[in-house]
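Data from target-v2.txt: compact mmCIF, C-alpha atoms
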```txt
# COMPACT_ATOMS: atom_id res chain seq x y z
CA MET A 1 121.99 -15.51 -13.40
CA SER A 2 124.56 -18.16 -13.96
CA ARG A 3 128.09 -18.01 -12.75
CA LEU A 4 131.12 -20.05 -13.59
CA LEU A 5 131.82 -22.68 -10.94
CA SER A 6 135.32 -23.39 -9.83
CA GLU A 7 136.77 -26.79 -10.72
CA GLU A 8 136.27 -28.23 -7.22
CA GLU A 9 132.67 -27.07 -6.99
CA TYR A 10 131.98 -28.37 -10.47
CA ARG A 11 133.25 -31.79 -9.46
CA LYS A 12 130.53 -32.03 -6.81
CA THR A 13 127.61 -31.32 -9.16
CA LYS A 14 125.39 -33.93 -10.77
CA ALA A 15 126.25 -32.65 -14.24
CA PHE A 16 129.90 -33.54 -13.78
CA LYS A 17 128.98 -37.06 -12.63
CA ILE A 18 126.62 -37.58 -15.56
CA LYS A 19 129.26 -36.34 -17.98
CA ARG A 20 131.85 -38.66 -16.43
CA TRP A 21 129.44 -41.57 -16.69
CA TYR A 22 128.62 -40.64 -20.29
CA ARG A 23 132.26 -40.55 -21.25
CA GLY A 24 132.82 -43.92 -19.63
CA GLU A 25 135.49 -42.72 -17.23
CA LYS A 26 133.84 -44.28 -14.20
CA ASP A 27 131.39 -47.15 -14.00
CA PRO A 28 128.85 -46.27 -11.26
CA TYR A 29 128.14 -49.94 -10.61
CA VAL A 30 131.71 -50.78 -9.66
CA GLY A 31 131.97 -50.80 -5.90
CA ALA A 32 128.29 -49.93 -5.45
CA VAL A 33 126.46 -53.12 -6.42
CA GLU A 34 127.49 -56.55 -5.24
CA LEU A 35 128.94 -58.29 -8.25
CA LYS A 36 131.09 -61.35 -8.52
CA PRO A 37 134.47 -60.11 -9.71
CA GLN A 38 135.36 -61.56 -13.07
CA LYS A 39 138.77 -62.79 -14.07
CA PRO A 40 140.62 -60.39 -16.35
CA PHE A 41 140.42 -61.53 -19.94
CA THR A 42 143.69 -63.00 -21.13
CA GLU A 43 144.29 -64.53 -24.49
CA ASP A 44 146.98 -66.93 -25.58
CA ILE A 45 149.15 -65.65 -28.42
CA ASN A 46 148.45 -68.71 -30.54
CA THR A 47 144.69 -68.41 -30.17
CA MET A 48 144.96 -64.70 -30.94
CA LYS A 49 146.86 -65.43 -34.16
CA HIS A 50 144.30 -68.06 -34.99
CA ARG A 51 141.44 -65.67 -34.40
CA VAL A 52 142.97 -62.87 -36.48
CA ARG A 53 143.63 -65.28 -39.34
CA ASP A 54 140.09 -66.62 -39.15
CA GLU A 55 138.63 -63.14 -39.22
CA ALA A 56 140.77 -62.23 -42.25
CA ILE A 57 139.67 -65.38 -44.06
CA LEU A 58 136.06 -64.66 -43.18
CA LYS A 59 136.30 -61.14 -44.61
CA ARG A 60 138.27 -62.01 -47.71
CA LYS A 61 136.97 -65.34 -48.88
CA ILE A 62 133.45 -65.71 -47.61
CA TYR A 63 132.07 -62.20 -47.68
CA ASP A 64 134.57 -60.81 -50.25
CA ILE A 65 134.23 -57.30 -48.80
CA GLU A 66 136.14 -55.40 -51.55
CA HIS A 67 134.21 -56.82 -54.46
CA ASN A 68 130.84 -57.50 -52.90
CA ARG A 69 128.82 -54.42 -53.81
CA LYS A 70 125.61 -55.90 -52.42
CA LEU A 71 127.10 -56.30 -48.98
CA GLN A 72 128.51 -52.77 -49.07
CA ILE A 73 125.14 -51.30 -49.92
CA PHE A 74 123.44 -53.50 -47.34
CA SER A 75 125.77 -52.49 -44.54
CA LYS A 76 125.31 -48.82 -45.46
CA PHE A 77 121.56 -48.88 -45.55
CA TYR A 78 121.03 -51.34 -42.72
CA ARG A 79 121.26 -48.77 -39.94
CA ALA A 80 119.12 -46.18 -41.68
CA VAL A 81 116.46 -48.75 -42.50
CA SER A 82 116.41 -50.14 -38.96
CA VAL A 83 115.93 -46.69 -37.45
CA LEU A 84 113.23 -45.97 -40.01
CA PHE A 85 111.56 -49.28 -39.21
CA VAL A 86 111.46 -48.56 -35.49
CA PHE A 87 109.97 -45.12 -35.99
CA THR A 88 107.39 -46.46 -38.44
CA LEU A 89 106.42 -49.12 -35.91
CA ILE A 90 106.07 -46.49 -33.16
CA GLY A 91 103.96 -44.37 -35.49
CA ILE A 92 101.68 -47.26 -36.46
CA LEU A 93 101.17 -48.31 -32.85
CA LEU A 94 100.40 -44.76 -31.70
CA TYR A 95 98.00 -44.36 -34.64
CA MET A 96 96.23 -47.57 -33.63
CA VAL A 97 96.05 -46.41 -30.00
CA SER A 98 94.12 -43.35 -31.17
CA TYR A 99 91.40 -45.73 -32.41
CA LEU A 100 90.87 -47.25 -28.94
CA PRO A 101 87.64 -46.23 -27.21
CA PRO A 102 87.99 -43.54 -24.52
CA VAL A 103 88.40 -44.64 -20.93
CA GLY A 104 85.24 -44.70 -18.84
CA ASN A 105 82.81 -44.30 -21.73
CA ALA A 106 79.52 -46.05 -21.05
CA ALA A 107 79.23 -47.15 -24.68
CA ASN A 108 82.55 -49.02 -24.62
CA PRO A 109 82.46 -52.58 -25.90
CA ASP A 110 83.57 -53.95 -22.53
CA ASN A 111 80.35 -52.71 -20.92
CA ASN A 112 78.24 -55.43 -22.47
CA GLU A 113 75.91 -58.12 -21.20
CA VAL A 114 78.68 -60.68 -20.44
CA ALA A 115 79.44 -59.47 -16.91
CA THR A 116 75.75 -59.25 -16.03
CA LYS A 117 75.20 -62.74 -17.42
CA TYR A 118 78.04 -64.12 -15.29
CA ILE A 119 76.82 -62.45 -12.12
CA GLU A 120 73.19 -63.46 -12.62
CA ASP A 121 73.47 -66.96 -14.03
CA ALA A 122 76.79 -68.30 -12.73
CA MET A 123 75.32 -70.10 -9.72
CA LYS A 124 72.53 -71.65 -11.79
CA ASP A 125 74.83 -72.72 -14.66
CA THR A 126 77.87 -73.97 -12.78
CA GLY A 127 76.63 -74.60 -9.27
CA ALA A 128 79.61 -72.73 -7.80
CA VAL A 129 79.03 -70.15 -5.08
CA ASN A 130 82.34 -68.47 -5.91
CA ILE A 131 81.60 -66.87 -9.28
CA VAL A 132 85.30 -66.41 -10.08
CA THR A 133 85.96 -70.15 -9.89
CA GLY A 134 82.83 -70.79 -11.89
CA MET A 135 84.18 -68.53 -14.60
CA ILE A 136 87.72 -69.91 -14.52
CA LEU A 137 86.87 -73.60 -14.47
CA ASP A 138 83.54 -73.76 -16.24
CA TYR A 139 82.91 -70.96 -18.71
CA ARG A 140 86.61 -70.44 -19.46
CA ALA A 141 87.96 -73.87 -18.54
CA PHE A 142 89.81 -74.20 -21.82
CA ASP A 143 91.94 -71.12 -20.97
CA THR A 144 92.83 -72.62 -17.61
CA LEU A 145 93.93 -75.82 -19.36
CA GLY A 146 96.32 -73.69 -21.40
CA GLU A 147 97.61 -72.05 -18.21
CA SER A 148 98.39 -75.34 -16.51
CA ASN A 149 100.14 -76.53 -19.67
CA VAL A 150 102.19 -73.33 -19.65
CA LEU A 151 103.34 -74.19 -16.12
CA PHE A 152 104.34 -77.68 -17.25
CA ILE A 153 106.25 -76.28 -20.24
CA ALA A 154 107.98 -73.76 -17.96
CA THR A 155 109.19 -76.62 -15.76
CA CYS A 156 110.48 -78.44 -18.83
CA THR A 157 112.40 -75.32 -19.88
CA VAL A 158 113.91 -74.86 -16.42
CA LEU A 159 114.83 -78.56 -16.49
CA ILE A 160 116.65 -78.07 -19.81
CA LEU A 161 118.47 -74.99 -18.52
CA LEU A 162 119.44 -76.02 -15.00
CA ARG A 163 119.62 -79.82 -14.97
CA VAL A 164 122.90 -81.25 -13.75
CA ASP A 165 123.42 -84.60 -15.42
CA ASN A 166 126.93 -85.51 -14.43
CA ARG A 167 127.03 -87.66 -11.29
CA SER A 168 130.25 -86.26 -9.84
CA LYS A 169 129.08 -82.72 -10.55
CA LYS A 170 125.80 -83.51 -8.85
CA GLU A 171 127.59 -84.57 -5.68
CA GLU A 172 129.70 -81.44 -5.85
CA GLU A 173 126.56 -79.31 -6.18
CA GLU A 174 125.02 -81.05 -3.20
CA ALA A 175 128.12 -80.45 -1.11
CA ASN A 176 128.21 -76.85 -2.30
CA ASP A 177 124.52 -76.37 -1.73
CA ARG A 178 124.49 -75.69 2.00
CA LEU A 179 127.91 -74.16 2.25
CA TYR A 180 126.80 -71.04 4.05
CA GLU A 181 123.80 -72.50 5.85
CA PRO A 182 123.37 -74.37 9.07
CA LYS A 183 122.77 -77.96 8.12
CA ASN A 184 120.35 -79.24 10.74
CA ASP A 185 119.08 -76.02 12.27
CA ILE A 186 117.06 -77.03 15.34
CA ILE A 187 114.97 -73.83 15.42
CA LEU A 188 113.98 -74.15 11.78
CA GLN A 189 113.21 -77.82 12.22
CA LYS A 190 110.99 -77.26 15.25
CA VAL A 191 109.14 -74.40 13.54
CA ALA A 192 108.72 -76.41 10.36
CA PHE A 193 107.49 -79.39 12.37
CA PHE A 194 104.48 -77.33 13.47
CA LEU A 195 104.05 -75.11 10.44
CA VAL A 196 104.38 -77.48 7.48
CA PRO A 197 101.28 -79.59 8.28
CA MET A 198 99.29 -76.41 8.90
CA ILE A 199 100.37 -74.86 5.61
CA ILE A 200 99.67 -78.01 3.62
CA ILE A 201 96.28 -78.53 5.26
CA PHE A 202 95.40 -74.89 4.58
CA GLY A 203 96.40 -75.38 0.95
CA ILE A 204 94.21 -78.48 0.68
CA TYR A 205 91.37 -76.53 2.28
CA VAL A 206 91.76 -73.69 -0.21
CA ILE A 207 91.73 -76.15 -3.12
CA LEU A 208 88.76 -78.18 -1.92
CA ASN A 209 86.71 -75.06 -1.12
CA GLY A 210 87.63 -73.36 -4.36
CA HIS A 211 84.03 -73.31 -5.56
CA LEU A 212 82.66 -72.11 -2.21
CA SER A 213 85.10 -69.54 -0.86
CA PRO A 214 87.89 -67.38 -2.28
CA GLY A 215 90.81 -69.32 -3.60
CA GLY A 216 91.03 -72.25 -5.92
CA GLY A 217 93.48 -74.51 -7.63
CA PHE A 218 96.22 -72.03 -8.37
CA SER A 219 96.43 -70.31 -4.99
CA GLY A 220 96.00 -73.55 -3.03
CA GLY A 221 98.66 -75.22 -5.12
CA ALA A 222 101.05 -72.34 -4.52
CA ILE A 223 100.44 -72.60 -0.75
CA ILE A 224 101.14 -76.36 -0.76
CA GLY A 225 104.24 -75.75 -2.88
CA SER A 226 105.60 -73.21 -0.40
CA GLY A 227 104.91 -75.70 2.40
CA LEU A 228 106.99 -78.29 0.57
CA ILE A 229 109.77 -75.75 0.09
CA LEU A 230 109.80 -75.01 3.81
CA TYR A 231 109.97 -78.76 4.50
CA VAL A 232 112.98 -79.12 2.19
CA ASN A 233 114.72 -76.17 3.83
CA ALA A 234 114.29 -77.65 7.28
CA PHE A 235 114.88 -81.33 6.73
CA GLY A 236 116.89 -81.58 3.52
CA PHE A 237 116.38 -83.33 0.24
CA LYS A 238 116.94 -86.84 1.57
CA LYS A 239 113.78 -86.82 3.65
CA ILE A 240 111.54 -85.41 0.95
CA GLU A 241 112.84 -87.93 -1.56
CA ARG A 242 111.11 -90.64 0.45
CA PHE A 243 107.78 -89.45 -0.90
CA PHE A 244 108.48 -86.94 -3.65
CA THR A 245 110.92 -87.69 -6.43
CA GLN A 246 111.14 -86.79 -10.08
CA LYS A 247 109.09 -89.86 -10.89
CA THR A 248 106.26 -88.73 -8.59
CA TYR A 249 106.38 -85.29 -10.15
CA LYS A 250 106.17 -86.76 -13.65
CA TRP A 251 103.26 -89.02 -12.85
CA ILE A 252 101.27 -86.42 -10.90
CA CYS A 253 101.66 -83.81 -13.63
CA PHE A 254 100.92 -86.31 -16.37
CA ALA A 255 97.82 -87.70 -14.68
CA ALA A 256 96.43 -84.28 -13.72
CA LEU A 257 96.95 -82.74 -17.15
CA LEU A 258 95.59 -85.83 -18.92
CA PHE A 259 92.49 -85.84 -16.74
CA TYR A 260 91.99 -82.14 -17.37
CA CYS A 261 92.41 -82.61 -21.12
CA LEU A 262 89.96 -85.51 -21.30
CA ALA A 263 87.44 -83.78 -19.05
CA LYS A 264 87.38 -80.43 -20.80
CA THR A 265 88.54 -80.75 -24.39
CA TYR A 266 85.69 -83.07 -25.32
CA SER A 267 83.63 -80.00 -26.03
CA PHE A 268 86.45 -78.75 -28.24
CA TYR A 269 86.63 -81.78 -30.48
CA CYS A 270 82.88 -82.11 -30.48
CA GLY A 271 82.78 -78.86 -32.42
CA ALA A 272 83.20 -76.43 -29.50
CA HIS A 273 79.71 -77.23 -28.44
CA HIS A 274 79.08 -77.52 -24.73
CA LEU A 275 77.91 -81.01 -23.81
CA GLU A 276 76.26 -82.12 -20.62
CA THR A 277 78.67 -83.89 -18.27
CA GLY A 278 75.99 -85.98 -16.62
CA ILE A 279 77.35 -85.06 -13.19
CA PRO A 280 74.59 -83.42 -11.14
CA LEU A 281 75.36 -79.90 -9.99
CA GLY A 282 74.19 -80.60 -6.45
CA THR A 283 73.12 -78.03 -3.91
CA PRO A 284 75.20 -74.86 -4.09
CA GLY A 285 77.25 -74.51 -0.91
CA ALA A 286 78.00 -78.19 -0.36
CA ILE A 287 81.51 -79.49 -0.92
CA LEU A 288 80.37 -82.14 -3.38
CA SER A 289 78.62 -79.83 -5.79
CA SER A 290 79.11 -77.90 -9.00
CA GLY A 291 79.97 -80.90 -11.20
CA LEU A 292 83.43 -80.97 -12.69
CA ILE A 293 84.80 -77.89 -10.93
CA LEU A 294 86.04 -79.73 -7.83
CA PRO A 295 88.09 -82.41 -9.66
CA LEU A 296 89.48 -79.80 -12.06
CA ASN A 297 90.46 -77.63 -9.08
CA ILE A 298 92.29 -80.58 -7.54
CA CYS A 299 94.11 -81.22 -10.85
CA VAL A 300 95.24 -77.59 -11.21
CA GLY A 301 96.30 -77.52 -7.55
CA MET A 302 98.44 -80.64 -7.90
CA VAL A 303 100.12 -79.36 -11.06
CA VAL A 304 100.87 -75.97 -9.46
CA ALA A 305 102.17 -77.45 -6.19
CA CYS A 306 104.48 -79.87 -7.99
CA THR A 307 105.68 -77.14 -10.34
CA MET A 308 106.54 -74.74 -7.53
CA TYR A 309 108.50 -77.41 -5.68
CA ALA A 310 110.18 -78.53 -8.92
CA PHE A 311 111.33 -74.97 -9.66
CA TYR A 312 112.87 -74.70 -6.22
CA ALA A 313 114.61 -78.08 -6.39
CA MET A 314 115.94 -77.32 -9.84
CA PHE A 315 117.31 -73.94 -8.75
CA ARG A 316 118.87 -75.45 -5.64
CA LYS A 317 120.71 -78.46 -7.01
CA GLY A 318 119.76 -78.97 -10.62
CA GLY A 319 117.40 -81.90 -10.26
CA PHE A 320 115.28 -83.66 -7.74
CA MET B 1 85.93 -51.74 -8.15
CA TRP B 2 88.09 -49.08 -6.59
CA ARG B 3 85.45 -46.47 -7.22
CA ARG B 4 82.70 -48.70 -5.95
CA SER B 5 84.50 -49.40 -2.70
CA GLN B 6 85.27 -45.72 -2.42
CA LYS B 7 81.61 -44.87 -2.82
CA LYS B 8 80.60 -47.50 -0.29
CA SER B 9 83.05 -46.24 2.27
CA ARG B 10 81.86 -42.70 1.64
CA ALA B 11 78.25 -43.76 2.09
CA LYS B 12 79.17 -45.31 5.42
CA GLY B 13 80.98 -42.18 6.36
CA ASP B 14 84.02 -44.34 6.96
CA LYS B 15 86.91 -42.06 6.20
CA ASN B 16 89.46 -44.12 8.09
CA MET B 17 89.38 -46.84 5.47
CA GLN B 18 90.05 -44.31 2.76
CA VAL B 19 93.02 -42.90 4.60
CA PHE B 20 94.29 -46.44 5.08
CA GLN B 21 93.97 -47.10 1.37
CA ILE B 22 95.84 -43.93 0.47
CA VAL B 23 98.62 -44.81 2.91
CA LEU B 24 98.86 -48.27 1.34
CA PHE B 25 99.05 -46.79 -2.16
CA LEU B 26 101.80 -44.44 -1.02
CA PHE B 27 103.70 -47.40 0.45
CA LEU B 28 103.22 -49.25 -2.84
CA ILE B 29 104.69 -46.40 -4.88
CA VAL B 30 107.59 -45.94 -2.47
CA CYS B 31 108.35 -49.69 -2.58
CA ALA B 32 108.15 -49.82 -6.36
CA ILE B 33 110.57 -46.93 -6.74
CA SER B 34 112.99 -48.03 -4.04
CA VAL B 35 113.30 -51.56 -5.50
CA SER B 36 115.12 -50.16 -8.49
CA PHE B 37 117.16 -47.65 -6.50
CA SER B 38 118.36 -49.99 -3.79
CA ARG B 39 122.00 -50.90 -4.33
CA ASN B 40 122.01 -54.09 -2.31
CA LEU B 41 120.35 -56.86 -4.29
CA LEU B 42 119.21 -58.65 -1.13
CA ASN B 43 117.51 -55.48 0.10
CA SER B 44 115.73 -54.98 -3.19
CA ILE B 45 114.30 -58.51 -3.03
CA ILE B 46 113.00 -57.89 0.48
CA ILE B 47 111.43 -54.61 -0.66
CA PHE B 48 109.90 -56.51 -3.56
CA MET B 49 108.42 -58.97 -1.06
CA SER B 50 106.85 -56.16 0.94
CA TYR B 51 105.50 -54.71 -2.30
CA SER B 52 103.68 -57.99 -2.93
CA LEU B 53 102.36 -58.04 0.62
CA ILE B 54 100.95 -54.51 0.34
CA MET B 55 99.52 -55.41 -3.04
CA SER B 56 97.70 -58.39 -1.53
CA ILE B 57 96.15 -56.15 1.16
CA ILE B 58 95.05 -53.77 -1.58
CA TRP B 59 93.47 -56.68 -3.47
CA ILE B 60 91.40 -57.47 -0.37
CA LEU B 61 90.30 -53.83 -0.12
CA LEU B 62 89.37 -53.96 -3.80
CA GLU B 63 87.09 -56.91 -2.98
CA SER B 64 88.97 -59.62 -4.81
CA PRO B 65 90.17 -62.07 -2.15
CA ASP B 66 91.04 -64.73 -4.75
CA LEU B 67 93.78 -62.54 -6.14
CA ALA B 68 94.89 -61.59 -2.64
CA ILE B 69 95.56 -65.23 -1.69
CA THR B 70 97.43 -65.87 -4.93
CA GLU B 71 99.47 -62.69 -4.61
CA ALA B 72 100.46 -63.50 -1.04
CA ALA B 73 101.45 -67.08 -1.90
CA VAL B 74 103.18 -66.48 -5.21
CA GLY B 75 104.38 -62.89 -5.06
CA ALA B 76 105.53 -62.67 -1.47
CA GLY B 77 106.41 -66.34 -1.07
CA ILE B 78 107.66 -68.36 -3.97
CA THR B 79 108.96 -65.66 -6.33
CA SER B 80 111.20 -64.15 -3.69
CA ILE B 81 112.45 -67.57 -2.58
CA LEU B 82 113.44 -68.26 -6.18
CA PHE B 83 115.17 -64.86 -6.29
CA PHE B 84 117.10 -65.70 -3.10
CA VAL B 85 118.23 -69.02 -4.54
CA THR B 86 119.30 -67.31 -7.74
CA LEU B 87 121.31 -64.74 -5.80
CA LYS B 88 123.06 -67.58 -4.01
CA LYS B 89 123.75 -69.32 -7.31
CA ILE B 90 125.45 -66.25 -8.76
CA HIS B 91 127.35 -65.79 -5.45
CA ALA B 92 125.80 -62.41 -4.71
CA ILE B 93 124.92 -63.50 -1.16
CA VAL B 94 128.08 -64.46 0.64
CA ALA B 95 127.52 -64.62 4.37
CA ILE B 96 130.31 -62.80 6.17
CA ASP B 97 129.47 -64.47 9.47
CA ALA B 98 129.74 -67.92 7.92
CA ASP B 99 133.19 -67.07 6.60
CA LYS B 100 134.28 -65.96 10.08
CA GLU B 101 132.91 -69.16 11.57
CA ASP B 102 134.88 -71.18 9.05
CA VAL B 103 138.05 -69.32 10.01
CA VAL B 104 137.34 -69.91 13.70
CA GLU B 105 136.77 -73.60 13.07
CA LYS B 106 140.01 -73.87 11.16
CA LYS B 107 141.89 -72.13 13.96
CA GLY B 108 140.33 -74.41 16.51
CA GLY B 109 141.38 -77.39 14.44
CA THR B 110 144.99 -76.30 14.29
CA LYS B 111 145.10 -75.71 18.02
```
Show me, as structure tokens, the structure contained in the file I just sent.
Amino acid sequence: MSRLLSEEEYRKTKAFKIKRWYRGEKDPYVGAVELKPQKPFTEDINTMKHRVRDEAILKRKIYDIEHNRKLQIFSKFYRAVSVLFVFTLIGILLYMVSYLPPVGNAANPDNNEVATKYIEDAMKDTGAVNIVTGMILDYRAFDTLGESNVLFIATCTVLILLRVDNRSKKEEEEANDRLYEPKNDIILQKVAFFLVPMIIIFGIYVILNGHLSPGGGFSGGAIIGSGLILYVNAFGFKKIERFFTQKTYKWICFAALLFYCLAKTYSFYCGAHHLETGIPLGTPGAILSSGLILPLNICVGMVVACTMYAFYAMFRKGGF
Amino acid sequence: MWRRSQKKSRAKGDKNMQVFQIVLFLFLIVCAISVSFSRNLLNSIIIFMSYSLIMSIIWILLESPDLAITEAAVGAGITSILFFVTLKKIHAIVAIDADKEDVVEKKGGTK
């Protein structure tokens, strides 16, 4: 049984709040989420006149709204066609989903001989004890090359977006950078003094043992990158620029990616036919084993470490 | 993998591990939901960090330590650091204490 609520009771219910939000009477984000307050939008009278005149010219002369029948028809049918298009797309996708094999069926195409082949032959083929690394850097090395290139392209994009070119602005950014932070925090510096070498050595260990134990280029590189970030936080950009600048970043990334390309794409331009490298696979379990996997791991690790640090530096002050 | 580990733990009669896994999954779901419902952006990043940490433990339990290392380094480490820096860039983190300190310094200077 429903009963009519009084006005005050109705104001406390969720339905009232949703209705208020739907009508746009109150924005639930205002006062609830931290937002930087924006300046109220004010427009000069001259610019407003200019804008109105421009809009009128645009309507009258360029589109010729009154006499352009094509545009009228287009604007009428545009919405209907877009809605129709979306529903057709949803229908097609759902129809295609119905063709997918059922989950957990033993006859599914993913239950084929590939996984068995990897598990049985990986050690013999690649010489890597860690099958995952053997797969990533030997069977599927070309995919990993694409991944490291994606990282490089991502850094380029962040560089385009966040780079501060102007010298005076750069100084301003640097002054602004540590506005709310202690500049030479003694606790952070002492902790970083002990932790940074440990983190970087652990990262190097993870990279070098990528073919023996869990880990590999990507995770080791990320660990080294976070070590570098901690170093920057503790000691500032001036100290890290003694050994790591934009030039170092460029050359490390360039050399690593070039080596990777030359080492692995030869099979691609030799007709996607796997060629022997000539490097002996060695005894599985030794550090110097498994052919090309160790140098490729080092390359991926260097690219990832540099990229992680470059992201951070770019976000902090728009450049190295 | 999940089923295999489940079977293994059942064969051992090790029910504690299973309970631990279920607790971790519950934590994961709670974290994932509360990230989007938290109103303070700083809090939601910290919850996101703990989500990654729980996820990396779950990766270990699912017998893929490679992913666990990567998740811990990238998910809990670098991604959240980048989020923090972004929050500072858009002036969403403004330290109240630092402001007070500034005021105190100014007062001290005038005295």
Restrict the distance test to all atoms listed in the file, flag each residue of chain B within 12 Å of chain A, and return the flagged residues as a PyMOL selection string.
chain B and resi 3+36-44+60+63-102
Please write the residues from the selection above to a file, keeping C-alpha atoms, as an mmCIF file, in the frame of the given file.
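Done, and the output landed in result.cif:
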```
data_model
loop_
_atom_site.group_PDB
_atom_site.id
_atom_site.type_symbol
_atom_site.label_atom_id
_atom_site.label_comp_id
_atom_site.auth_asym_id
_atom_site.auth_seq_id
_atom_site.Cartn_x
_atom_site.Cartn_y
_atom_site.Cartn_z
ATOM 1 C CA ARG B 3 85.450 -46.470 -7.220
ATOM 2 C CA SER B 36 115.120 -50.160 -8.490
ATOM 3 C CA PHE B 37 117.160 -47.650 -6.500
ATOM 4 C CA SER B 38 118.360 -49.990 -3.790
ATOM 5 C CA ARG B 39 122.000 -50.900 -4.330
ATOM 6 C CA ASN B 40 122.010 -54.090 -2.310
ATOM 7 C CA LEU B 41 120.350 -56.860 -4.290
ATOM 8 C CA LEU B 42 119.210 -58.650 -1.130
ATOM 9 C CA ASN B 43 117.510 -55.480 0.100
ATOM 10 C CA SER B 44 115.730 -54.980 -3.190
ATOM 11 C CA ILE B 60 91.400 -57.470 -0.370
ATOM 12 C CA GLU B 63 87.090 -56.910 -2.980
ATOM 13 C CA SER B 64 88.970 -59.620 -4.810
ATOM 14 C CA PRO B 65 90.170 -62.070 -2.150
ATOM 15 C CA ASP B 66 91.040 -64.730 -4.750
ATOM 16 C CA LEU B 67 93.780 -62.540 -6.140
ATOM 17 C CA ALA B 68 94.890 -61.590 -2.640
ATOM 18 C CA ILE B 69 95.560 -65.230 -1.690
ATOM 19 C CA THR B 70 97.430 -65.870 -4.930
ATOM 20 C CA GLU B 71 99.470 -62.690 -4.610
ATOM 21 C CA ALA B 72 100.460 -63.500 -1.040
ATOM 22 C CA ALA B 73 101.450 -67.080 -1.900
ATOM 23 C CA VAL B 74 103.180 -66.480 -5.210
ATOM 24 C CA GLY B 75 104.380 -62.890 -5.060
ATOM 25 C CA ALA B 76 105.530 -62.670 -1.470
ATOM 26 C CA GLY B 77 106.410 -66.340 -1.070
ATOM 27 C CA ILE B 78 107.660 -68.360 -3.970
ATOM 28 C CA THR B 79 108.960 -65.660 -6.330
ATOM 29 C CA SER B 80 111.200 -64.150 -3.690
ATOM 30 C CA ILE B 81 112.450 -67.570 -2.580
ATOM 31 C CA LEU B 82 113.440 -68.260 -6.180
ATOM 32 C CA PHE B 83 115.170 -64.860 -6.290
ATOM 33 C CA PHE B 84 117.100 -65.700 -3.100
ATOM 34 C CA VAL B 85 118.230 -69.020 -4.540
ATOM 35 C CA THR B 86 119.300 -67.310 -7.740
ATOM 36 C CA LEU B 87 121.310 -64.740 -5.800
ATOM 37 C CA LYS B 88 123.060 -67.580 -4.010
ATOM 38 C CA LYS B 89 123.750 -69.320 -7.310
ATOM 39 C CA ILE B 90 125.450 -66.250 -8.760
ATOM 40 C CA HIS B 91 127.350 -65.790 -5.450
ATOM 41 C CA ALA B 92 125.800 -62.410 -4.710
ATOM 42 C CA ILE B 93 124.920 -63.500 -1.160
ATOM 43 C CA VAL B 94 128.080 -64.460 0.640
ATOM 44 C CA ALA B 95 127.520 -64.620 4.370
ATOM 45 C CA ILE B 96 130.310 -62.800 6.170
ATOM 46 C CA ASP B 97 129.470 -64.470 9.470
ATOM 47 C CA ALA B 98 129.740 -67.920 7.920
ATOM 48 C CA ASP B 99 133.190 -67.070 6.600
ATOM 49 C CA LYS B 100 134.280 -65.960 10.080
ATOM 50 C CA GLU B 101 132.910 -69.160 11.570
ATOM 51 C CA ASP B 102 134.880 -71.180 9.050
#
```
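Taking atom CA of A:Glu9 and atom CA of A:Tyr22 as endpoints, the distance between them is 19.4 Å.
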re atom CA of B:Phe20 and atom CA of B:Ser56: distance 14.1 Å
For this session: Up to 12 Å from (95.3, -45.1, -4.1) in the file's coordinates: name the residues, counting only C-alpha atoms, as a PyMOL selection string.
Result: chain B and resi 2-3+5-6+17-29+54-55+58-59+61-62
Practice item. Quote the spacing between atom CA of A:Asn111 and atom CA of A:Gly127 in Å to one decimal place. Key: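 Interatomic distance here is 25.1 Å.
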Residue with the minimum atom-to-atom distance to A:Ala263, picked from A:Arg163, A:Val191, A:Ile293, A:Thr248 with all atoms listed in the file counted, is A:Ile293
Closest of A:Phe237, A:Val86, A:Leu228, A:Leu151 to A:Thr307, counting all atoms listed in the file, is A:Leu151
Residue among A:Ile92, A:Leu257, A:Leu281, A:Val196 lying closest to A:Asp125, counting all atoms listed in the file: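 Comparing A:Ile92, A:Leu257, A:Leu281, A:Val196 against A:Asp125, the winner is A:Leu281.
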